[in-house]
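Trainee: A single structure is presented below for examination.
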Amino acid sequence: MVEITQLLKDWRLHVIVLGIVLITEAVGIIELTIGPGMIVLLPMLFAIVFGLILYFTPIIKEKQSKNAEPIITIAVTLLIAKIGVTIGPDLGNVIAAGPALLLQEIGNFGTVFLALPVAVLLLGMKRESIGMTHSIGRESNLGIIYDKFGFESAEGRGVTAIYVFGTVFGAMFYGLISGFLATFTPLHPLSLAMAAGVGSGSMMAAASGSLIAAYPELETQIIAFAGASNLLTYATGLFVSIFIALPITEKLYKLFWKWRGGENQ
């Protein structure tokens, strides 16, 4: 309780955060069209960039940096609660989405079986690779890793790095790749809309925007499928990560690290 009180008394931190929020909200959403693709720059991205720049100035001191760490955990906890409240009323829509959407979580294992071997065997990463590769590292995955390993753990640093990277570059990649796939491949735009719901609002918005630009007559269906897919990622992806993906990642990490000749960790 004393620690929380001290955090609330750090007026400099709260003023800086409020200033960043006001500036980024004033900038708003910026959409850039590149060929058949679209890049959507959301205020969240600007907030990360501004915060990073301020970190290397005298405006933010070490005290503010340390005080911000536990607040991140609290904020993610509130976000997870909000996600749970959002999912409940829409369970009927989730069930009506059909087996194709329900099976989409199988795709999450790509990060485990493809990225983890590269991280450990080729790049020599240690336990941070668990946080980096057990999922694509969105908000719910931050909560899982922070809760189990702690914010300052190697796993916590790994998932935070992927979350920031995904926020900065993920929306750009999804906005571009969805437009090119919709234009130059025989994949149905609604299947691409389903793929847009990876658990990130910025990625979904960027991908959906490109698909709508390519198929304006399917705007309603694209939004519906992308939204249902995103909802399912929150609803089922959280449990898939907790009970399946994360345990598998930990076991494979130990196996790969043993193959590499490292000591037990």
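Within each chain, counting starts at residue 1; across the structure tokens, chains are named A, B, ... in the order shown, with ligands numbered 1 upward in that order.
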Excluding region 131-140 of chain A and its own-chain neighbours fewer than 3 positions away, which residues fall within 8 Å of it when counting only C-alpha atoms? Please give them as JSON, numbers by chain.

Mentor: {"A": [76, 79, 80, 108, 109, 111, 112, 115, 116, 127, 128, 143, 144, 145, 154, 155, 156, 157, 158, 159, 160, 161, 162, 163, 166, 199, 200, 234, 238, 241, 245, 246, 249]}

Trainee: Using only C-alpha atoms, which protein or nucleic acid residues come within 9 Å of Met44 (chain A)? Drop anything in the same chain fewer than 3 positions from it, and give the result as a ChimeraX atom specification.

Mentor: /A:21,24-25,41,47-49,167-168,202

Trainee: Could you pull out all residues of region 85-174 of chain A with a DSSP call of helix (DSSP H, G or I) and give them as a VMD selection string?

Mentor: chain A and resid 85 to 96 99 to 122 128 to 133 139 to 149 154 to 174

Trainee: List the spatial neighbours of Ile223 (chain A) as a tab-separated table (two decimals) with all heavy atoms, in the first residue's frame - criterion: any atom at most 8 Å away, only C-alpha atoms, same-chain residues fewer than 3 positions off excluded.

Mentor:
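Saved the output as result.tsv:
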```tsv
chain	number	residue	atom	x	y	z
A	193	ALA	N	-9.68	-11.29	-43.86
A	193	ALA	CA	-10.28	-10.55	-42.75
A	193	ALA	C	-10.22	-11.36	-41.47
A	193	ALA	O	-9.95	-10.82	-40.39
A	193	ALA	CB	-11.72	-10.18	-43.09
A	208	SER	N	-7.73	-4.46	-42.02
A	208	SER	CA	-9.10	-4.26	-42.48
A	208	SER	C	-9.20	-3.06	-43.42
A	208	SER	O	-9.93	-3.09	-44.41
A	208	SER	CB	-10.03	-4.06	-41.28
A	208	SER	OG	-10.02	-5.19	-40.43
A	219	GLU	N	-17.30	-4.26	-47.37
A	219	GLU	CA	-16.88	-3.56	-46.16
A	219	GLU	C	-17.54	-4.13	-44.90
A	219	GLU	O	-16.87	-4.41	-43.90
A	219	GLU	CB	-17.18	-2.06	-46.27
A	219	GLU	CG	-16.81	-1.28	-45.02
A	219	GLU	CD	-17.06	0.21	-45.16
A	219	GLU	OE1	-17.50	0.64	-46.26
A	219	GLU	OE2	-16.82	0.95	-44.19
A	220	THR	N	-18.86	-4.32	-44.94
A	220	THR	CA	-19.57	-4.80	-43.76
A	220	THR	C	-19.09	-6.19	-43.35
A	220	THR	O	-18.84	-6.45	-42.17
A	220	THR	CB	-21.08	-4.84	-44.02
A	220	THR	OG1	-21.53	-3.54	-44.40
A	220	THR	CG2	-21.83	-5.29	-42.78
A	226	ALA	N	-13.40	-9.68	-39.27
A	226	ALA	CA	-12.20	-9.25	-38.56
A	226	ALA	C	-12.50	-9.03	-37.08
A	226	ALA	O	-11.71	-9.43	-36.21
A	226	ALA	CB	-11.65	-7.96	-39.18
A	227	GLY	N	-13.67	-8.44	-36.79
A	227	GLY	CA	-14.05	-8.21	-35.41
A	227	GLY	C	-14.29	-9.50	-34.66
A	227	GLY	O	-13.86	-9.67	-33.51
```

Trainee: Report, in Å with one decimal, the straight-line distance from CA of Leu232 (chain A) to CA of Ile30 (chain A).

Mentor: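 Computing it gives 27.2 Å between the two atoms.
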
Trainee: Under the rule of at most 12 Å, produce a per-residue listing of region 121-209 of chain A near region 51-68 of chain A: chain, number, name, the closest pair of atoms, and the distance in Å, as a Markdown table, using only C-alpha atoms.

Mentor:
```
| residue | atom | partner | partner_atom | distance |
| --- | --- | --- | --- | --- |
| A:Phe151 | CA | A:Ala68 | CA | 11.2 |
| A:Glu152 | CA | A:Lys66 | CA | 10.7 |
| A:Val164 | CA | A:Leu52 | CA | 10.8 |
```

Trainee: Produce a file of the selected residues containing C-alpha atoms, as a PDB file, in the first residue's frame.

Mentor:
```
ATOM      1  CA  PHE A 151       8.011  -7.668 -15.158  1.00  0.00           C
ATOM      2  CA  GLU A 152      11.805  -7.533 -14.669  1.00  0.00           C
ATOM      3  CA  VAL A 164       6.777  -2.836 -28.595  1.00  0.00           C
TER       4      VAL A 164
END
```

Trainee: Grab the CA of Phe225 (chain A) to CA of Pro189 (chain A) distance for me, in Å with one decimal place.

Mentor: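 A separation of 10.0 Å between them.
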
Trainee: So which residues touch Tyr174 (chain A) within 6 Å, counting only C-alpha atoms, skipping near sequence neighbours fewer than 4 positions away, as a VMD selection string?

Mentor: chain A and resid 178 203 207

Trainee: Could you turn the residues from that selection into a file that holds N, CA and C atoms, as a short mmCIF file (atom, residue, chain, number, x, y, z; two decimals), in the first residue's frame?

Mentor:
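Printed below is out_3.cif as written:
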```
data_model
loop_
_atom_site.label_atom_id
_atom_site.label_comp_id
_atom_site.auth_asym_id
_atom_site.auth_seq_id
_atom_site.Cartn_x
_atom_site.Cartn_y
_atom_site.Cartn_z
N SER A 178 -1.73 -7.43 -46.18
CA SER A 178 -3.12 -7.78 -46.47
C SER A 178 -3.56 -7.21 -47.81
N MET A 203 -3.25 -3.67 -35.54
CA MET A 203 -3.01 -4.56 -36.66
C MET A 203 -4.31 -4.86 -37.41
N ALA A 207 -5.05 -3.90 -41.33
CA ALA A 207 -5.37 -4.94 -42.31
C ALA A 207 -6.77 -4.75 -42.88
#
```

Trainee: Which residue gives the smallest distance to Leu42 (chain A) among A:Phe169, A:Trp257, A:Phe184, A:Tyr215, with only C-alpha atoms counted?

Mentor: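 Checking each candidate against Leu42 (chain A), we get A:Phe169 as the closest.
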
Trainee: Per DSSP on the backbone, what are the strand (DSSP E) residues of region 6-233 of chain A, as an mmCIF file with N, CA and C atoms, in the first residue's frame?

Mentor:
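Wrote it out as result.cif, contents follow:
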```
data_model
loop_
_atom_site.group_PDB
_atom_site.id
_atom_site.type_symbol
_atom_site.label_atom_id
_atom_site.label_comp_id
_atom_site.auth_asym_id
_atom_site.auth_seq_id
_atom_site.Cartn_x
_atom_site.Cartn_y
_atom_site.Cartn_z
ATOM 1 N N ILE A 30 -3.298 8.432 -38.437
ATOM 2 C CA ILE A 30 -2.756 8.818 -39.746
ATOM 3 C C ILE A 30 -2.758 7.593 -40.650
ATOM 4 N N GLU A 31 -3.374 7.705 -41.812
ATOM 5 C CA GLU A 31 -3.455 6.599 -42.764
ATOM 6 C C GLU A 31 -2.628 6.937 -44.006
ATOM 7 N N LEU A 32 -1.758 6.017 -44.368
ATOM 8 C CA LEU A 32 -0.906 6.184 -45.540
ATOM 9 C C LEU A 32 -1.181 5.052 -46.515
ATOM 10 N N THR A 33 -1.504 5.360 -47.743
ATOM 11 C CA THR A 33 -1.771 4.351 -48.767
ATOM 12 C C THR A 33 -0.521 4.129 -49.604
ATOM 13 N N ILE A 34 -0.081 2.862 -49.675
ATOM 14 C CA ILE A 34 1.093 2.489 -50.472
ATOM 15 C C ILE A 34 0.673 1.366 -51.407
ATOM 16 N N GLY A 37 -1.736 -1.584 -50.457
ATOM 17 C CA GLY A 37 -1.690 -1.697 -49.007
ATOM 18 C C GLY A 37 -1.926 -0.364 -48.319
ATOM 19 N N MET A 38 -2.091 -0.437 -47.008
ATOM 20 C CA MET A 38 -2.340 0.763 -46.225
ATOM 21 C C MET A 38 -1.611 0.652 -44.897
ATOM 22 N N ILE A 39 -0.971 1.732 -44.483
ATOM 23 C CA ILE A 39 -0.320 1.803 -43.182
ATOM 24 C C ILE A 39 -1.162 2.700 -42.284
ATOM 25 N N VAL A 40 -1.569 2.171 -41.132
ATOM 26 C CA VAL A 40 -2.360 2.931 -40.176
ATOM 27 C C VAL A 40 -1.495 3.213 -38.946
ATOM 28 N N LEU A 41 -1.240 4.482 -38.688
ATOM 29 C CA LEU A 41 -0.438 4.895 -37.536
ATOM 30 C C LEU A 41 -1.385 5.382 -36.444
#
```

Trainee: Which polymer residues have any atom within 10 Å of an atom of Gly35 (chain A), counting only C-alpha atoms, with same-chain residues fewer than 3 positions away left out, as a PyMOL selection string?

Mentor: chain A and resi 32+38+176+179-180+183+210

Trainee: Select, from A:Ile248, A:Ala26, A:Leu255, A:Met204, the residue with the minimum atom-to-atom distance to Phe113 (chain A), counting only C-alpha atoms.

Mentor: A:Ile248

Trainee: Quick one: distance from CA of Ala171 (chain A) to CA of Leu121 (chain A) in Å, one decimal?

Mentor: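 A separation of 28.4 Å between them.
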
Trainee: Would you kindly return, as a PyMOL selection string, each protein, DNA or RNA residue with an atom no farther than 8 Å from any atom of Leu192 (chain A), considering only C-alpha atoms and excluding same-chain residues fewer than 5 positions away?

Mentor: chain A and resi 178+182+187+211
